[in-house]
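*Asks:* Dropping the structure in here first, questions after.
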Amino acid sequence: SQGYLVSAIALAYFIAIQPIVGSISDRFGRKPVLIAFAGGFALAVIPMLNFVGNSFVSLLVVQLLGFTLLAGWTATSAAVMVELFPARI
């Protein structure tokens, strides 16, 4: 029951943060955003896994941080894929 609530809150946050991260990638570029969020995942994965506990707050913090880092990929990947290939063949 608490797990469902944490997941619902985290998914609503994930939906809300997508346009924000997309605008960050428009402003600073796709590659720097992808590198920054990938680096964040590489550095934060072990501390995040160690922080997971039985409490509502710890699970929520881990999911919010994970979804924030995941948004770096999901908000920019479609634009990156489009820019990889020419418009005409």
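All residue names refer to the structure tokens as shown: chains lettered A, B, ... in order, residues numbered from 1 in each chain, ligands numbered from 1 in order.
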May I have the residues within 12 Å of A:Trp73 as a PyMOL selection string, using only C-alpha atoms and disregarding those fewer than 5 positions away in the same chain?
*Replies:* chain A and resi 14+17-18+21-22+25+30-41+66-68+78-81
*Asks:* What's the 12 Å shell around A:Ser7, counting only C-alpha atoms, without same-chain residues fewer than 6 positions away, as a list in words?
*Replies:* Ser1, Tyr13, Phe14, Phe56, Val57, Leu59, Leu60, Val61, Val62, Gln63, Leu64, Gly66 and Phe67 of chain A
*Asks:* Can you measure atom CA of A:Ala10 to atom CA of A:Ala75 for me? One decimal in Å is fine.
*Replies:*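 For atom CA of A:Ala10 relative to atom CA of A:Ala75, the distance reads 16.0 Å.
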*Asks:* Mind pulling up the distance from atom CA of A:Met48 to atom CA of A:Gly3?
*Replies:*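 A separation of 16.6 Å between them.
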